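**Student:** Pasting start29.txt below, which is compact mmCIF, C-alpha atoms.
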# COMPACT_ATOMS: atom_id res chain seq x y z
CA MET A 20 0.00 0.00 0.00
CA GLU A 21 2.84 2.37 0.83
CA GLU A 22 4.36 1.82 -2.61
CA VAL A 23 1.01 2.63 -4.24
CA GLU A 24 0.72 5.86 -2.23
CA ILE A 25 4.27 6.82 -3.17
CA LEU A 26 3.51 6.22 -6.85
CA LYS A 27 0.34 8.33 -6.58
CA GLN A 28 2.28 11.13 -4.90
CA ASP A 29 4.98 10.97 -7.58
CA LYS A 30 2.36 11.15 -10.31
CA ALA A 31 0.65 14.12 -8.63
CA THR A 32 4.01 15.89 -8.24
CA LYS A 33 4.82 15.38 -11.92
CA GLN A 34 1.39 16.71 -12.90
CA ARG A 35 1.86 19.81 -10.75
CA LYS A 36 5.27 20.42 -12.32
CA THR A 37 3.85 20.00 -15.80
CA ILE A 38 1.02 22.45 -15.12
CA TYR A 39 3.46 24.95 -13.59
CA TYR A 40 6.01 24.80 -16.40
CA VAL A 41 3.37 24.99 -19.14
CA SER A 42 1.69 27.98 -17.47
CA GLN A 43 5.03 29.73 -16.98
CA GLY A 44 5.93 29.11 -20.61
CA ARG A 45 2.87 31.03 -21.84
CA ALA A 46 4.71 34.32 -21.33
CA ILE A 47 7.66 33.43 -23.57
CA ARG A 48 6.26 34.17 -27.04
CA ARG A 49 4.38 37.17 -25.71
CA MET A 50 7.26 38.80 -23.84
CA VAL A 51 10.56 37.29 -25.01
CA ALA A 52 10.76 35.92 -28.55
CA LEU A 53 8.20 35.15 -31.25
CA TYR A 54 9.94 32.11 -32.78
CA THR A 55 13.44 31.71 -31.31
CA PRO A 56 13.86 28.38 -29.47
CA ILE A 57 14.53 28.74 -25.74
CA GLU A 58 17.54 26.45 -26.15
CA ASP A 59 19.18 28.97 -28.52
CA LEU A 60 18.85 31.78 -25.97
CA ILE A 61 20.39 29.64 -23.24
CA ALA A 62 23.16 28.36 -25.53
CA GLU A 63 24.19 31.91 -26.47
CA ASN A 64 24.41 32.96 -22.83
CA ASP A 65 26.39 29.83 -21.94
CA ARG A 66 28.77 30.50 -24.82
CA ARG A 67 29.44 34.01 -23.58
CA CYS A 68 29.97 32.81 -20.02
CA GLU A 69 32.48 30.21 -21.17
CA ASP A 70 34.33 32.61 -23.49
CA ASN A 71 36.54 34.79 -21.31
CA LYS A 72 37.69 36.90 -24.25
CA TYR A 73 35.81 39.96 -25.39
CA SER A 74 34.92 39.65 -29.04
CA ASP A 75 32.74 41.25 -31.64
CA PHE A 76 29.29 39.75 -31.67
CA THR A 77 27.04 39.50 -34.68
CA PRO A 78 23.62 41.21 -34.63
CA GLU A 79 22.02 37.77 -34.45
CA GLN A 80 24.11 36.83 -31.41
CA ASN A 81 23.22 40.12 -29.72
CA HIS A 82 19.54 39.47 -30.41
CA LEU A 83 19.88 36.07 -28.75
CA GLN A 84 21.63 37.49 -25.70
CA CYS A 85 19.08 40.27 -25.31
CA GLY A 86 16.40 37.61 -25.58
CA TYR A 87 18.06 35.59 -22.82
CA ILE A 88 18.15 38.65 -20.55
CA LYS A 89 14.43 39.21 -21.11
CA PHE A 90 13.85 35.49 -20.59
CA ILE A 91 15.38 35.42 -17.11
CA LYS A 92 13.50 38.59 -16.17
CA ILE A 93 10.22 36.91 -17.06
CA LEU A 94 11.24 33.61 -15.41
CA PRO A 95 13.81 34.63 -12.77
CA TRP A 96 13.98 31.12 -11.33
CA ILE A 97 15.05 29.50 -14.60
CA HIS A 98 18.84 29.88 -14.31
CA GLU A 99 19.08 28.30 -10.87
CA LYS A 100 16.63 25.58 -11.83
CA LEU A 101 18.58 24.59 -14.91
CA SER A 102 21.78 24.30 -12.91
CA SER A 103 20.10 21.90 -10.47
CA LEU A 104 18.68 19.51 -13.10
CA ASP A 105 20.39 16.83 -15.13
CA HIS A 106 20.27 16.88 -18.93
CA GLU A 107 17.13 14.77 -19.27
CA GLU A 108 15.25 16.76 -16.63
CA SER A 109 16.30 20.04 -18.26
CA GLU A 110 15.09 18.84 -21.65
CA ASP A 111 11.77 17.84 -20.14
CA MET A 112 11.30 21.21 -18.44
CA LEU A 113 12.19 23.18 -21.59
CA ARG A 114 9.82 21.02 -23.63
CA LYS A 115 6.96 21.90 -21.27
CA LEU A 116 7.85 25.59 -21.33
CA ARG A 117 7.85 25.45 -25.12
CA ARG A 118 4.44 23.75 -25.10
CA GLY A 119 3.05 26.58 -23.00
CA ALA A 120 4.64 29.21 -25.23
CA ASP A 121 3.22 27.78 -28.44
CA SER A 122 -0.23 27.09 -27.00
CA ALA A 123 -0.49 30.70 -25.78
CA ARG A 124 0.36 31.96 -29.25
CA GLY A 125 -2.34 29.73 -30.70
CA ASP A 126 -4.90 30.93 -28.15
CA ASP A 127 -4.10 34.57 -28.92
CA THR A 128 -4.46 33.88 -32.63
CA GLY A 129 -7.95 32.55 -31.95
CA THR A 130 -8.83 35.63 -29.92
CA LEU A 131 -7.80 38.03 -32.67
CA LYS A 132 -9.31 35.95 -35.48
CA GLU A 133 -12.78 37.11 -34.54
CA LEU A 134 -11.87 40.51 -33.12
CA VAL A 135 -9.73 41.88 -35.93
CA ALA A 136 -11.14 40.83 -39.28
CA SER A 137 -14.69 40.10 -40.36
CA PRO A 138 -14.40 37.39 -43.06
CA ASP A 139 -14.59 34.00 -41.31
CA ASP A 140 -12.80 32.20 -44.15
CA LYS A 141 -9.07 32.92 -43.94
CA HIS A 142 -8.83 32.69 -47.74
CA HIS A 143 -11.06 35.77 -47.99
CA ARG A 144 -8.66 37.91 -45.97
CA GLY A 145 -5.29 39.30 -46.93
CA PHE A 146 -4.89 41.31 -50.11
CA VAL A 147 -7.92 39.72 -51.78
CA ASN A 148 -10.06 41.59 -49.24
CA ASP A 149 -10.18 45.35 -49.81
CA ALA A 150 -10.42 46.32 -46.13
CA CYS A 151 -7.67 43.92 -45.02
CA GLY A 152 -5.54 44.86 -48.01
CA LYS A 153 -5.72 48.54 -47.12
CA LEU A 154 -4.44 47.84 -43.61
CA LEU A 155 -1.73 45.42 -44.77
CA CYS A 156 -0.51 47.71 -47.55
CA PRO A 157 2.99 49.17 -46.98
CA VAL A 158 2.73 52.84 -46.04
CA GLU A 159 4.93 53.92 -48.96
CA TRP A 160 2.15 52.90 -51.37
CA HIS A 161 -1.43 54.07 -51.76
CA TRP A 162 -3.87 51.17 -51.69
CA GLY A 163 -6.45 53.22 -53.55
CA ASP A 164 -4.28 53.18 -56.68
CA PRO A 165 -5.49 50.30 -58.90
CA VAL A 166 -2.00 49.86 -60.38
CA ILE A 167 -0.56 49.32 -56.91
CA ARG A 168 -3.35 46.94 -55.92
CA ALA A 169 -2.82 44.90 -59.07
CA GLY A 170 0.94 44.85 -58.53
CA ILE A 171 0.53 43.59 -54.97
CA HIS A 172 -1.99 40.94 -56.03
CA ASP A 173 0.30 39.73 -58.83
CA ARG A 174 3.45 40.00 -56.63
CA THR A 175 5.34 41.96 -59.27
CA THR A 176 8.95 42.99 -58.63
CA THR A 177 7.86 46.61 -58.29
CA PHE A 178 5.42 45.89 -55.46
CA ILE A 179 6.98 43.30 -53.16
CA VAL A 180 5.29 43.23 -49.75
CA SER A 181 7.96 42.32 -47.22
CA GLU A 182 9.05 42.90 -43.65
CA ASN A 183 11.08 45.87 -44.91
CA SER A 184 7.95 48.04 -44.96
CA TRP A 185 5.72 49.21 -42.14
CA PRO A 186 2.10 48.14 -42.78
CA THR A 187 -0.55 50.84 -42.75
CA PHE A 188 -2.41 49.29 -39.80
CA MET A 189 0.46 50.31 -37.49
CA TYR A 190 -0.11 54.05 -37.94
CA GLU A 191 -2.40 56.48 -36.18
CA ASN A 192 -5.41 57.17 -38.41
CA TYR A 193 -3.87 54.58 -40.79
CA GLN A 194 -1.82 57.28 -42.47
CA ALA A 195 1.93 57.93 -42.49
CA ASP A 196 3.90 61.11 -43.01
CA ALA A 197 6.46 60.31 -45.72
CA LYS A 198 8.74 63.06 -44.39
CA ASN A 199 8.53 61.80 -40.81
CA LEU A 200 7.75 58.08 -40.79
CA GLU A 201 8.12 57.86 -37.02
CA ARG A 202 5.14 60.15 -36.44
CA GLY A 203 2.08 58.09 -35.54
CA LEU A 204 3.88 54.74 -35.82
CA PHE A 205 2.59 52.14 -33.31
CA LYS A 206 -0.35 54.40 -32.42
CA SER A 207 -3.25 52.91 -34.39
CA LYS A 208 -6.50 52.01 -32.72
CA LEU A 209 -6.35 48.54 -34.23
CA LEU A 210 -2.96 47.89 -32.68
CA VAL A 211 -4.07 49.02 -29.22
CA MET A 212 -7.28 47.00 -29.50
CA GLY A 213 -5.37 43.88 -30.50
CA PHE A 214 -2.90 44.36 -27.66
CA LYS A 215 -5.68 44.76 -25.10
CA ALA A 216 -7.56 41.76 -26.47
CA ILE A 217 -4.46 39.64 -25.85
CA PHE A 218 -3.11 41.07 -22.60
CA THR A 219 -6.18 42.37 -20.74
CA SER A 220 -9.37 40.92 -22.26
CA PRO A 221 -11.33 40.87 -25.54
CA SER A 222 -14.07 42.96 -23.93
CA SER A 223 -11.57 45.65 -22.84
CA ALA A 224 -10.53 46.04 -26.48
CA ASN A 225 -13.95 47.51 -27.24
CA LYS A 226 -13.23 50.45 -24.94
CA VAL A 227 -10.30 51.87 -26.93
CA ASP A 228 -10.75 55.40 -28.21
CA GLY A 229 -9.50 55.76 -31.68
CA ASP A 230 -9.07 56.32 -35.29
CA GLY A 231 -12.28 55.83 -37.18
CA ASP A 232 -11.31 55.23 -40.79
CA GLY A 233 -9.97 51.74 -41.14
CA ALA A 234 -11.07 50.73 -37.67
CA ASN A 235 -14.33 49.58 -39.25
CA ILE A 236 -12.45 46.44 -40.27
CA ILE A 237 -12.57 45.43 -36.63
CA GLU A 238 -16.37 45.65 -36.48
CA ASN A 239 -16.21 44.00 -33.06
CA ASN A 240 -18.01 40.96 -34.39
CA ARG A 241 -21.41 40.36 -32.84
CA ARG A 242 -20.33 36.79 -32.27
CA ALA A 243 -17.12 37.86 -30.53
CA ARG A 244 -19.03 40.26 -28.29
CA ARG A 245 -21.59 37.60 -27.49
CA ARG A 246 -18.84 35.14 -26.63
CA SER A 247 -16.97 37.59 -24.39
CA ASP A 248 -20.19 38.54 -22.59
CA GLN A 249 -21.09 34.94 -21.89
CA THR A 250 -17.72 33.67 -20.74
CA LYS A 251 -16.67 33.77 -17.12
CA VAL A 252 -14.38 36.57 -16.06
CA LYS A 253 -10.82 35.27 -15.76
CA THR A 254 -7.64 36.89 -14.53
CA CYS A 255 -6.15 38.77 -17.46
CA VAL A 256 -2.88 37.70 -19.06
CA ALA A 257 -1.11 40.89 -17.90
CA SER A 258 -1.91 40.08 -14.27
CA ILE A 259 -0.85 36.46 -14.63
CA ILE A 260 2.56 37.33 -16.07
CA GLY A 261 3.07 40.36 -13.82
CA MET A 262 2.91 42.98 -16.57
CA CYS A 263 2.19 46.48 -15.26
CA GLN A 264 3.85 48.37 -18.11
CA VAL A 265 3.77 47.83 -21.85
CA THR A 266 7.07 46.50 -23.21
CA PRO A 267 8.58 46.66 -26.71
CA ARG A 268 8.51 42.90 -27.20
CA ALA A 269 4.86 42.71 -26.18
CA ILE A 270 4.07 45.37 -28.81
CA ALA A 271 6.08 43.41 -31.40
CA TYR A 272 4.16 40.24 -30.49
CA ALA A 273 0.75 41.93 -30.77
CA THR A 274 1.73 43.54 -34.08
CA CYS A 275 2.73 40.18 -35.57
CA GLN A 276 -0.49 38.62 -34.30
CA ILE A 277 -2.59 41.34 -35.92
CA ARG A 278 -0.66 41.08 -39.17
CA PHE A 279 -1.30 37.33 -39.16
CA ALA A 280 -5.01 37.85 -38.38
CA LEU A 281 -5.40 40.22 -41.34
CA SER A 282 -3.56 37.85 -43.70
CA ASN A 283 -4.97 34.85 -45.53
CA ILE A 284 -2.51 32.26 -44.20
CA SER A 285 -4.17 29.68 -41.95
CA SER A 286 -1.27 28.52 -39.75
CA TRP A 287 1.77 30.11 -38.16
CA ARG A 288 4.95 30.02 -40.20
CA THR A 289 8.00 32.22 -40.32
CA VAL A 290 7.57 33.34 -43.94
CA ASP A 291 4.31 34.36 -45.62
CA ALA A 292 5.03 34.79 -49.35
CA ASP A 293 7.75 37.50 -49.30
CA PHE A 294 7.04 38.57 -45.72
CA ASP A 295 9.33 37.24 -42.97
CA TYR A 296 7.69 37.44 -39.53
CA GLN A 297 10.91 36.84 -37.62
CA ILE A 298 12.71 39.75 -39.28
CA PHE A 299 9.57 41.90 -38.93
CA TRP A 300 9.52 41.16 -35.20
CA ASP A 301 13.25 41.98 -35.01
CA ASN A 302 12.64 45.29 -36.82
CA ILE A 303 10.02 46.31 -34.26
CA VAL A 304 12.15 45.30 -31.29
CA ASP A 305 15.16 47.15 -32.76
CA PHE A 306 13.05 50.30 -33.19
CA PHE A 307 12.50 50.36 -29.43
CA GLU A 308 15.62 48.71 -28.01
CA ASP A 309 18.25 49.98 -30.46
CA ALA A 310 17.37 53.67 -30.80
CA PRO A 311 20.21 55.63 -32.46
CA GLY A 312 20.70 58.26 -29.74
CA PRO A 313 19.33 60.14 -26.71
CA ALA A 314 16.67 62.03 -28.68
CA ALA A 315 15.28 58.84 -30.21
CA GLN A 316 15.47 57.08 -26.85
CA ALA A 317 13.44 59.89 -25.28
CA ARG A 318 10.77 59.50 -27.98
CA VAL A 319 10.69 55.75 -27.40
CA LYS A 320 10.24 56.30 -23.66
CA GLU A 321 7.40 58.72 -24.34
CA LEU A 322 5.78 56.25 -26.74
CA LEU A 323 5.95 53.41 -24.19
CA GLU A 324 4.43 55.68 -21.54
CA TRP A 325 1.63 56.49 -24.00
CA TRP A 326 1.07 52.76 -24.51
CA THR A 327 1.03 52.01 -20.79
CA GLN A 328 -1.59 54.69 -20.21
CA LYS A 329 -3.69 53.39 -23.11
CA VAL A 330 -3.62 49.82 -21.86
CA PHE A 331 -3.49 50.15 -18.07
CA GLY A 332 -4.91 53.63 -17.52
CA ARG A 333 -3.23 56.54 -15.83
CA ASN A 334 -1.90 54.77 -12.77
CA ARG A 335 1.33 56.55 -11.86
CA ARG A 336 2.03 55.03 -8.45
CA GLU A 337 5.60 54.24 -9.44
CA ASP A 338 6.18 58.00 -9.57
CA LEU A 339 5.12 58.47 -5.93
CA THR A 340 8.63 58.81 -4.55
CA MET A 341 9.30 59.68 -0.91
CA ASP A 342 10.04 63.28 -1.87
CA VAL A 343 6.74 63.60 -3.74
CA VAL A 344 4.72 61.97 -0.94
CA SER A 345 6.35 64.21 1.68
CA GLN A 346 4.82 67.25 -0.05
CA MET A 347 1.27 65.87 0.01
CA SER A 348 -1.40 66.76 2.55
CA VAL A 349 -1.35 63.53 4.58
CA SER A 350 2.37 63.91 5.26
CA ALA A 351 2.00 67.67 5.73
CA LEU A 352 -0.75 67.18 8.32
CA ALA A 353 1.29 64.56 10.17
CA ALA A 354 4.21 67.00 10.32
CA GLN A 355 1.96 69.84 11.57
CA ARG A 356 0.48 67.68 14.31
CA GLN A 357 3.93 66.66 15.41
CA GLU A 358 5.00 70.32 15.46
CA MET A 359 2.02 71.19 17.69
CA GLU A 360 2.89 68.35 20.06
CA ASN A 361 6.49 69.52 20.19
CA ALA A 362 5.40 73.11 20.83
CA ILE A 363 3.19 72.02 23.79
CA PHE A 364 6.00 69.89 25.19
CA ASP A 365 8.49 72.76 24.94
CA SER A 366 6.11 75.22 26.60
CA GLU A 367 5.80 72.94 29.59
Kindly present the structure from the file in structure tokens form.
**Tutor:**
Amino acid sequence: MEEVEILKQDKATKQRKTIYYVSQGRAIRRMVALYTPIEDLIAENDRRCEDNKYSDFTPEQNHLQCGYIKFIKILPWIHEKLSSLDHEESEDMLRKLRRGADSARGDDTGTLKELVASPDDKHHRGFVNDACGKLLCPVEWHWGDPVIRAGIHDRTTTFIVSENSWPTFMYENYQADAKNLERGLFKSKLLVMGFKAIFTSPSSANKVDGDGDGANIIENNRRARRRSDQTKVKTCVASIIGMCQVTPRAIAYATCQIRFALSNISSWRTVDADFDYQIFWDNIVDFFEDAPGPAAQARVKELLEWWTQKVFGRNRREDLTMDVVSQMSVSALAAQRQEMENAIFDSE
């Protein structure tokens, strides 16, 4: 009987570990890397730790190392845990983390499928659909021009849609300033709605103020609204993974998810025709994390603050420093009362 109980306990322990690792892994694609295997991030960090010499690193190696740093911030226990496990146990843990990461990406794809684009059949989205095509169109071209539309449909050499262009759906009011392409980038209503649908809740996405033209593509499907109204309220993803501020990699993830939702491909893959999602994700992350100087870094900081307010509201508690609090009325009253007590004590 004791052996049976021990076996039951072992099974229960393994199940708890599996559930824990899978749930922890759900943050990886959303917050760390869209496609990169966890093993590659760890291998790059190990290589740098073992190499005592300073050397020039390739952009790809730097991307991997930055990814590892984000990885251990999201899962701070991972480094110590890996060092305590043997090879087989480590492989098992990483496999479960990967399962959680990929399942979360699939769940988010399902969420946006109904929230972002109206045609149910994936084959009726993408550039064959006028509304989707307008939002997917690179900002350097005008979708309303029939020559451009035909060139994109026919994939001519003049109109190659690739990750080297910013899609129109990423811009405020779905319009870009050719002389200042940074203006309005990452500020579209669709992008904020998609982000909130993933990280807070589908119903919260309906409360985004925004652009108007082009946002009609969202339509907030009657079916999606009905589903969100009828489902039980669950803790939002942001709370589960401890997100209180919007991060560049979360924006990159949401952007790729929206681009996929607008497209006509039915399953996740790195390359869609001439469009490479991995490089597109890298381009977005580099915009935020590899700004060319202090002025650009200041604009990035301002943009991230704008995002945090859009998603989480105007909570600024992190700015309540001791100096700020000391100037507020509660502290001022406490000081005045103490002064009165001291004055009475001195007079006696």
**Student:** For atom CA of A:Arg114 and atom CA of A:Asp295, quote the distance in Å rounded to one decimal.
**Tutor:**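 Taking atom CA of A:Arg114 as the start and atom CA of A:Asp295 as the end point, the length is 25.2 Å.
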**Student:** Using only C-alpha atoms, I'd like a table of the residues in stretch 30-87 of chain A that come within 9 Å of stretch 253-267 of chain A; for each, show the closest atom pair and its distance in Å rounded to one decimal, ordered by chain and ascending number, as a Markdown table.
**Tutor:**
| residue | atom | partner | partner_atom | distance |
| --- | --- | --- | --- | --- |
| A:Gln43 | CA | A:Ile260 | CA | 8.0 |
| A:Arg45 | CA | A:Ile260 | CA | 8.5 |
| A:Ala46 | CA | A:Ile260 | CA | 6.4 |
| A:Met50 | CA | A:Thr266 | CA | 7.7 |
**Student:** A:Arg117: which residues within 8 Å, counting all atoms listed in the file, same-chain residues fewer than 6 positions away excluded, as a list in words?
**Tutor:** Val41, Gly44, Pro56 and Ile57 of chain A
**Student:** How would the residues just picked look written out with C-alpha atoms as an mmCIF file, in the coordinates of the input?
**Tutor:**
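The new file result17.cif reads:
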data_model
loop_
_atom_site.group_PDB
_atom_site.id
_atom_site.type_symbol
_atom_site.label_atom_id
_atom_site.label_comp_id
_atom_site.auth_asym_id
_atom_site.auth_seq_id
_atom_site.Cartn_x
_atom_site.Cartn_y
_atom_site.Cartn_z
ATOM 1 C CA VAL A 41 3.370 24.990 -19.140
ATOM 2 C CA GLY A 44 5.930 29.110 -20.610
ATOM 3 C CA PRO A 56 13.860 28.380 -29.470
ATOM 4 C CA ILE A 57 14.530 28.740 -25.740
#
**Student:** As an exercise, work out the distance from atom CA of A:Ala271 to atom CA of A:Val304 in Å and give it to one decimal place.
**Tutor:** 6.4 Å
**Student:** Per residue of stretch 47-157 of chain A within 9 Å of stretch 165-183 of chain A, record the nearest atom pair and its distance in Å to one decimal, counting all atoms listed in the file, with rows in chain order and ascending residue number, as CSV.
**Tutor:**
residue,atom,partner,partner_atom,distance
A:Phe146,CA,A:His172,CA,6.6
A:Val147,CA,A:His172,CA,7.4
A:Gly152,CA,A:Arg168,CA,8.5
A:Leu155,CA,A:Val180,CA,8.9
A:Cys156,CA,A:Val180,CA,7.7
A:Pro157,CA,A:Val180,CA,6.9
**Student:** Excluding A:Ala62 and any residue of its chain fewer than 3 positions from it, enumerate the residues within 12 Å of it, using only C-alpha atoms, and give them as a short mmCIF file (atom, residue, chain, number, x, y, z; two decimals) with C-alpha atoms, in the frame of the given file.
**Tutor:**
data_model
loop_
_atom_site.label_atom_id
_atom_site.label_comp_id
_atom_site.auth_asym_id
_atom_site.auth_seq_id
_atom_site.Cartn_x
_atom_site.Cartn_y
_atom_site.Cartn_z
CA THR A 55 13.44 31.71 -31.31
CA PRO A 56 13.86 28.38 -29.47
CA ILE A 57 14.53 28.74 -25.74
CA GLU A 58 17.54 26.45 -26.15
CA ASP A 59 19.18 28.97 -28.52
CA ASP A 65 26.39 29.83 -21.94
CA ARG A 66 28.77 30.50 -24.82
CA ARG A 67 29.44 34.01 -23.58
CA CYS A 68 29.97 32.81 -20.02
CA GLU A 69 32.48 30.21 -21.17
CA GLN A 80 24.11 36.83 -31.41
CA LEU A 83 19.88 36.07 -28.75
CA GLN A 84 21.63 37.49 -25.70
CA GLY A 86 16.40 37.61 -25.58
CA TYR A 87 18.06 35.59 -22.82
#
**Student:** Find the residues around A:Trp325 up to 12 Å (all atoms listed in the file counted), leave out those fewer than 2 positions away in its own chain, and share them as number ranges by chain.
**Tutor:** A: 203, 205-206, 211, 264-266, 318-323, 327-334
**Student:** Considering only C-alpha atoms, can you say which of A:Ala351, A:Leu53, A:Cys151, A:Glu360 comes closest to A:Tyr296?
**Tutor:**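 Residue with the minimum atom-to-atom distance to A:Tyr296: A:Leu53.
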**Student:** Need to verify the contact set: stretch 194-199 of chain A, 10 Å, all atoms listed in the file, exclusion of same-chain residues closer than 2 positions in sequence. Can you return it as a list in words?
**Tutor:** Leu154, Pro157, Val158, Glu159, His161, Trp185, Pro186, Thr187, Phe188, Met189, Tyr190, Glu191, Asn192, Glu201, Arg202, Gly203, Leu204, Ser207, Asp232 and Gly233 of chain A
**Student:** Those residues with C-alpha atoms, as a short mmCIF file (atom, residue, chain, number, x, y, z; two decimals), in the coordinates of the input please?
**Tutor:**
data_model
loop_
_atom_site.label_atom_id
_atom_site.label_comp_id
_atom_site.auth_asym_id
_atom_site.auth_seq_id
_atom_site.Cartn_x
_atom_site.Cartn_y
_atom_site.Cartn_z
CA LEU A 154 -4.44 47.84 -43.61
CA PRO A 157 2.99 49.17 -46.98
CA VAL A 158 2.73 52.84 -46.04
CA GLU A 159 4.93 53.92 -48.96
CA HIS A 161 -1.43 54.07 -51.76
CA TRP A 185 5.72 49.21 -42.14
CA PRO A 186 2.10 48.14 -42.78
CA THR A 187 -0.55 50.84 -42.75
CA PHE A 188 -2.41 49.29 -39.80
CA MET A 189 0.46 50.31 -37.49
CA TYR A 190 -0.11 54.05 -37.94
CA GLU A 191 -2.40 56.48 -36.18
CA ASN A 192 -5.41 57.17 -38.41
CA GLU A 201 8.12 57.86 -37.02
CA ARG A 202 5.14 60.15 -36.44
CA GLY A 203 2.08 58.09 -35.54
CA LEU A 204 3.88 54.74 -35.82
CA SER A 207 -3.25 52.91 -34.39
CA ASP A 232 -11.31 55.23 -40.79
CA GLY A 233 -9.97 51.74 -41.14
#
**Student:** N, CA, C and O atoms are what I want for stretch 310-322 of chain A; can you complete it accordingly and write them as a compact mmCIF listing (two decimals), in the coordinates of the input?
**Tutor:**
# COMPACT_ATOMS: atom_id res chain seq x y z
N ALA A 310 17.54 52.29 -30.32
CA ALA A 310 17.37 53.67 -30.80
C ALA A 310 18.74 54.30 -31.03
O ALA A 310 19.68 54.03 -30.28
N PRO A 311 18.89 55.14 -32.08
CA PRO A 311 20.21 55.63 -32.46
C PRO A 311 20.85 56.65 -31.53
O PRO A 311 22.05 56.90 -31.63
N GLY A 312 20.11 57.25 -30.62
CA GLY A 312 20.70 58.26 -29.74
C GLY A 312 19.73 58.72 -28.68
O GLY A 312 18.58 58.25 -28.61
N PRO A 313 20.16 59.67 -27.83
CA PRO A 313 19.33 60.14 -26.71
C PRO A 313 17.98 60.70 -27.13
O PRO A 313 16.97 60.47 -26.45
N ALA A 314 17.94 61.44 -28.24
CA ALA A 314 16.67 62.03 -28.68
C ALA A 314 15.67 60.94 -29.06
O ALA A 314 14.50 60.98 -28.68
N ALA A 315 16.15 59.95 -29.81
CA ALA A 315 15.28 58.84 -30.21
C ALA A 315 14.87 58.01 -29.00
O ALA A 315 13.72 57.55 -28.91
N GLN A 316 15.79 57.83 -28.07
CA GLN A 316 15.47 57.08 -26.85
C GLN A 316 14.39 57.79 -26.04
O GLN A 316 13.51 57.14 -25.46
N ALA A 317 14.46 59.12 -26.01
CA ALA A 317 13.44 59.89 -25.28
C ALA A 317 12.07 59.72 -25.94
O ALA A 317 11.05 59.61 -25.25
N ARG A 318 12.05 59.69 -27.28
CA ARG A 318 10.77 59.50 -27.98
C ARG A 318 10.23 58.10 -27.74
O ARG A 318 9.01 57.92 -27.60
N VAL A 319 11.11 57.12 -27.69
CA VAL A 319 10.69 55.75 -27.40
C VAL A 319 10.09 55.66 -26.00
O VAL A 319 9.04 55.05 -25.79
N LYS A 320 10.75 56.29 -25.04
CA LYS A 320 10.24 56.30 -23.66
C LYS A 320 8.86 56.93 -23.60
O LYS A 320 7.95 56.42 -22.94
N GLU A 321 8.69 58.04 -24.31
CA GLU A 321 7.40 58.72 -24.34
C GLU A 321 6.33 57.84 -24.99
O GLU A 321 5.18 57.78 -24.52
N LEU A 322 6.72 57.13 -26.05
CA LEU A 322 5.78 56.25 -26.74
C LEU A 322 5.35 55.09 -25.83
O LEU A 322 4.17 54.74 -25.78
